[in-house]
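J.: The structure is given below, and queries will be raised subsequently.
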Amino acid sequence: MRMLVSFKKDEIVRHLGLLDLQRTMQRALRRSGLPVAYSNGFNPHIIMNFASALSAGIPGDAEVLDVALSGETTEEACLSAMNRVLPPVLAVSRVRLVDDRFPKASAALRTARYRVTLRGGDARRIADDVPAFLGETEIMALRKSKKQEAMVNIRPMIHELTAAYDEQTDTAVLDARVSFVEQATLKPDLMLTALCAHAQAALPNCQVRRTQLYGEADGRPVPLMDL
């Protein structure tokens, strides 16, 4: 049996890196008293993985942790135990128990949704350019990885993108759902760079938040916790 844990990474801990988050969750799981499973060998560790590593500096509303269990429990007991040992800024909103045959959360991930808030500067210009940006059949951008740099067409990786501008606060809010698979992952900063270049605008004060992780069922996006 495994448990899928949906938790938030709040604004105050947005700079917490992956290794620190792993250690925090491992400590919490050990303190929880839940029947978590450990690896074999001289240095056993809790068998767990995140659906997706969230970049330092970006908060998240529905991050997913996949944990192997060695015994029986209930979703209610898991939810209560995790929130008892985690700080409110990493609060768990939901736990789902699944069979070991259920796909790993990281393998089921297909897309991710981000909310981008732009304040002042060229915020309005960028928001107004979104329809024309989406009207392009090809949007070339330089994507960097540890192994290489390459110009790629990111347009197929943008599944949804909307923009709303508030004149009173001079704030634009972008809502984007982008590809998040190994061969076609689109990070929000690359999308924003391409959008600003298309709008001939400078990126203003910007805040990025990941709001949901999706798998896919019957050709449509489904939150990982609901697959």
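The way I read the labels, and the way they are meant: chains A, B, ... in the order of the structure tokens, residue 1 as the first residue of every chain, and ligand 1 as the first ligand shown, with later ones counted on from there.
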Residues within 8 Å of segment 88-92 of chain A, please, as a PyMOL selection string. Count only C-alpha atoms; anything in the same chain fewer than 4 positions from it doesn't count.

T.: chain A and resi 5-13+79+82-83

J.: Since we have the selection now, will you write its residues out, keeping N, CA and C atoms, as a PDB file, in the first residue's frame?

T.:
ATOM      1  N   VAL A   5       0.093  12.076  -0.556  1.00  0.00           N
ATOM      2  CA  VAL A   5      -0.123  13.177   0.382  1.00  0.00           C
ATOM      3  C   VAL A   5      -0.131  14.492  -0.394  1.00  0.00           C
ATOM      4  N   SER A   6      -1.222  15.226  -0.337  1.00  0.00           N
ATOM      5  CA  SER A   6      -1.293  16.549  -0.958  1.00  0.00           C
ATOM      6  C   SER A   6      -1.038  17.600   0.124  1.00  0.00           C
ATOM      7  N   PHE A   7      -0.008  18.406  -0.080  1.00  0.00           N
ATOM      8  CA  PHE A   7       0.368  19.394   0.936  1.00  0.00           C
ATOM      9  C   PHE A   7       0.705  20.723   0.271  1.00  0.00           C
ATOM     10  N   LYS A   8       0.703  21.777   1.058  1.00  0.00           N
ATOM     11  CA  LYS A   8       1.085  23.078   0.525  1.00  0.00           C
ATOM     12  C   LYS A   8       2.516  23.410   0.945  1.00  0.00           C
ATOM     13  N   LYS A   9       3.151  24.218   0.132  1.00  0.00           N
ATOM     14  CA  LYS A   9       4.452  24.802   0.469  1.00  0.00           C
ATOM     15  C   LYS A   9       4.197  26.300   0.477  1.00  0.00           C
ATOM     16  N   ASP A  10       3.979  26.850   1.651  1.00  0.00           N
ATOM     17  CA  ASP A  10       3.485  28.218   1.753  1.00  0.00           C
ATOM     18  C   ASP A  10       4.554  29.253   1.428  1.00  0.00           C
ATOM     19  N   GLU A  11       4.090  30.476   1.272  1.00  0.00           N
ATOM     20  CA  GLU A  11       4.951  31.587   0.869  1.00  0.00           C
ATOM     21  C   GLU A  11       6.175  31.722   1.770  1.00  0.00           C
ATOM     22  N   ILE A  12       5.997  31.544   3.067  1.00  0.00           N
ATOM     23  CA  ILE A  12       7.080  31.776   4.023  1.00  0.00           C
ATOM     24  C   ILE A  12       8.212  30.755   3.883  1.00  0.00           C
ATOM     25  N   VAL A  13       7.918  29.579   3.302  1.00  0.00           N
ATOM     26  CA  VAL A  13       8.969  28.560   3.114  1.00  0.00           C
ATOM     27  C   VAL A  13       9.248  28.321   1.635  1.00  0.00           C
ATOM     28  N   LEU A  79      -3.944  11.622   7.615  1.00  0.00           N
ATOM     29  CA  LEU A  79      -4.117  13.067   7.554  1.00  0.00           C
ATOM     30  C   LEU A  79      -3.876  13.693   8.924  1.00  0.00           C
ATOM     31  N   MET A  82      -0.054  13.357  10.006  1.00  0.00           N
ATOM     32  CA  MET A  82       0.864  14.245   9.290  1.00  0.00           C
ATOM     33  C   MET A  82       0.716  15.698   9.738  1.00  0.00           C
ATOM     34  N   ASN A  83      -0.513  16.144   9.908  1.00  0.00           N
ATOM     35  CA  ASN A  83      -0.711  17.536  10.330  1.00  0.00           C
ATOM     36  C   ASN A  83      -0.317  17.760  11.785  1.00  0.00           C
TER      37      ASN A  83
END

J.: Give me the residues near Leu16 of chain A as a list in words, where near means some atom within 10 Å (using only C-alpha atoms) and where sequence neighbours in that chain fewer than 2 positions away do not count.

T.: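 Answer for this query is Lys9, Asp10, Ile12, Val13, Arg14, Leu18, Leu19, Asp20, Leu21, Gln22, Thr24, Leu54, Ser55, Ala56, Gly57, Ile58 and Pro59 of chain A.
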
J.: With N, CA and C atoms kept, could you save the residues just selected as a tab-separated table (two decimals), in the first residue's frame?

T.:
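Done, and the output landed in part-v1.tsv:
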chain	number	residue	atom	x	y	z
A	9	LYS	N	3.15	24.22	0.13
A	9	LYS	CA	4.45	24.80	0.47
A	9	LYS	C	4.20	26.30	0.48
A	10	ASP	N	3.98	26.85	1.65
A	10	ASP	CA	3.49	28.22	1.75
A	10	ASP	C	4.55	29.25	1.43
A	12	ILE	N	6.00	31.54	3.07
A	12	ILE	CA	7.08	31.78	4.02
A	12	ILE	C	8.21	30.76	3.88
A	13	VAL	N	7.92	29.58	3.30
A	13	VAL	CA	8.97	28.56	3.11
A	13	VAL	C	9.25	28.32	1.63
A	14	ARG	N	8.94	29.32	0.80
A	14	ARG	CA	9.10	29.13	-0.64
A	14	ARG	C	10.56	28.91	-1.05
A	18	LEU	N	14.85	21.41	-2.33
A	18	LEU	CA	14.36	20.04	-2.38
A	18	LEU	C	14.95	19.16	-1.28
A	19	LEU	N	16.27	19.25	-1.06
A	19	LEU	CA	16.90	18.39	-0.05
A	19	LEU	C	16.37	18.72	1.34
A	20	ASP	N	16.21	20.01	1.64
A	20	ASP	CA	15.67	20.39	2.95
A	20	ASP	C	14.22	19.92	3.09
A	21	LEU	N	13.45	20.01	2.01
A	21	LEU	CA	12.06	19.55	2.06
A	21	LEU	C	12.01	18.03	2.25
A	22	GLN	N	12.92	17.31	1.61
A	22	GLN	CA	12.98	15.86	1.78
A	22	GLN	C	13.27	15.50	3.24
A	24	THR	N	12.76	17.33	5.88
A	24	THR	CA	11.61	17.72	6.70
A	24	THR	C	10.52	16.67	6.64
A	54	LEU	N	9.68	21.02	-6.73
A	54	LEU	CA	9.29	22.41	-6.89
A	54	LEU	C	10.51	23.30	-6.71
A	55	SER	N	10.76	24.16	-7.67
A	55	SER	CA	11.95	25.03	-7.63
A	55	SER	C	11.94	25.90	-6.38
A	56	ALA	N	13.11	26.11	-5.81
A	56	ALA	CA	13.23	27.00	-4.67
A	56	ALA	C	12.76	28.40	-5.07
A	57	GLY	N	12.00	29.03	-4.19
A	57	GLY	CA	11.48	30.36	-4.48
A	57	GLY	C	10.05	30.36	-4.96
A	58	ILE	N	9.51	29.17	-5.28
A	58	ILE	CA	8.13	29.07	-5.76
A	58	ILE	C	7.29	28.31	-4.74
A	59	PRO	N	6.22	28.92	-4.24
A	59	PRO	CA	5.32	28.20	-3.33
A	59	PRO	C	4.37	27.31	-4.13

J.: Compare A:Leu195, A:Ala108, A:Ala127, A:Met1 by their minimum atom-to-atom distance to Leu227 of chain A, counting only C-alpha atoms, and give me the closest one.

T.: A:Ala108

J.: Can you pull out every residue within 6 Å of Gln212 of chain A, counting only C-alpha atoms, but drop anything in the same chain fewer than 5 positions away, and send it as a short mmCIF file (atom, residue, chain, number, x, y, z; two decimals) with C-alpha atoms, in the first residue's frame?

T.:
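Output below, filename selection_37.cif:
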data_model
loop_
_atom_site.label_atom_id
_atom_site.label_comp_id
_atom_site.auth_asym_id
_atom_site.auth_seq_id
_atom_site.Cartn_x
_atom_site.Cartn_y
_atom_site.Cartn_z
CA ALA A 62 -1.15 21.10 -4.05
CA ALA A 112 1.20 21.63 -14.02
CA ARG A 113 -0.79 24.79 -13.40
#

J.: From the list A:Val98, A:Leu86, A:Val173, A:Val208, which residue is nearest Asp189 of chain A when using only C-alpha atoms?

T.: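 That would be A:Val208, the residue with the smallest distance to Asp189 of chain A.
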
J.: What's around Arg96 of chain A at 9 Å? Count only C-alpha atoms, leave out sequence neighbours fewer than 5 positions away in its own chain, and write the answer as a list in words.

T.: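 Everything that qualifies: Arg2, Met3, Leu4, Val5, Ser6, Thr74, Glu75, Cys78, Met225 and Asp226 of chain A.
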
J.: Write down as a ChimeraX atom specification the residues of chain A whose backbone DSSP state falls under strand (DSSP E or B).

T.: /A:2-9,36,38,46,48-50,60-69,92-98,111-119,140-144,149-153,158-166,171-181,184-185,205-217,220-223

J.: For atom CA of Leu109 of chain A and atom CA of Ile154 of chain A, determine how far apart the two atoms are, in Å to one decimal place.

T.: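 A separation of 18.3 Å between them.
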
J.: Within segment 27-69 of chain A, find each residue whose DSSP state, derived from the backbone, is alpha helix (DSSP H), and express the selection as a list in words.

T.: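 So, restricting segment 27-69 of chain A to alpha helix (DSSP H), we get Arg27, Ala28, Leu29, Arg30, Arg31 and Ser32 of chain A.
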
J.: Include N, CA and C atoms and write out the residues we just selected as a compact mmCIF listing (two decimals), in the first residue's frame.

T.:
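And here's out31.txt as it stands now:
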# COMPACT_ATOMS: atom_id res chain seq x y z
N ARG A 27 11.59 13.42 8.49
CA ARG A 27 11.46 13.57 9.94
C ARG A 27 9.99 13.50 10.36
N ALA A 28 9.14 14.17 9.60
CA ALA A 28 7.72 14.18 9.92
C ALA A 28 7.14 12.77 9.84
N LEU A 29 7.52 12.03 8.83
CA LEU A 29 7.00 10.67 8.68
C LEU A 29 7.47 9.77 9.82
N ARG A 30 8.73 9.93 10.24
CA ARG A 30 9.23 9.12 11.36
C ARG A 30 8.48 9.46 12.65
N ARG A 31 8.22 10.75 12.85
CA ARG A 31 7.53 11.18 14.08
C ARG A 31 6.04 10.88 14.06
N SER A 32 5.49 10.68 12.87
CA SER A 32 4.04 10.49 12.75
C SER A 32 3.55 9.20 13.37

J.: Between A:Lys144, A:His45, A:Arg210, A:His198, which is the closest to Asp129 of chain A once you count only C-alpha atoms?

T.: A:His198

J.: Set the distance at 7 Å and use only C-alpha atoms: which residues neighbour Asn49 of chain A once local chain neighbours fewer than 2 positions away are removed? I'd like the list as a PyMOL selection string.

T.: chain A and resi 51+65-67

J.: Any chance you could export the current selection's C-alpha atoms as a JSON list (two decimals), in the first residue's frame?

T.:
[["chain", "number", "residue", "atom", "x", "y", "z"],
["A", 51, "ALA", "CA", 5.59, 13.96, -7.88],
["A", 65, "LEU", "CA", 4.29, 13.21, -1.89],
["A", 66, "ASP", "CA", 4.18, 9.47, -2.65],
["A", 67, "VAL", "CA", 5.02, 7.28, 0.39]]

J.: Quick check, in Å to one decimal: how far apart do atom CA of Val36 of chain A and atom CA of Arg84 of chain A lie?

T.: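 Going from atom CA of Val36 of chain A over to atom CA of Arg84 of chain A covers 16.1 Å.
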
J.: Please list as an MDAnalysis selection string every residue within 9 Å of Ala176 of chain A, counting only C-alpha atoms and excluding residues in the same chain fewer than 5 positions away.

T.: chainID A and resid 112:116 158:163 188

J.: Which polymer residues have any atom within 7 Å of an atom of Met151 of chain A, counting only C-alpha atoms, with same-chain residues fewer than 5 positions away left out, as JSON, numbers by chain?

T.: {"A": [140, 141, 142, 143]}

J.: For Glu63 of chain A, which of A:Met191, A:Leu224, A:Val181, A:Ala123 is the closest residue, counting only C-alpha atoms?

T.: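 Answer, going by the shortest atom-to-atom distance: A:Leu224.
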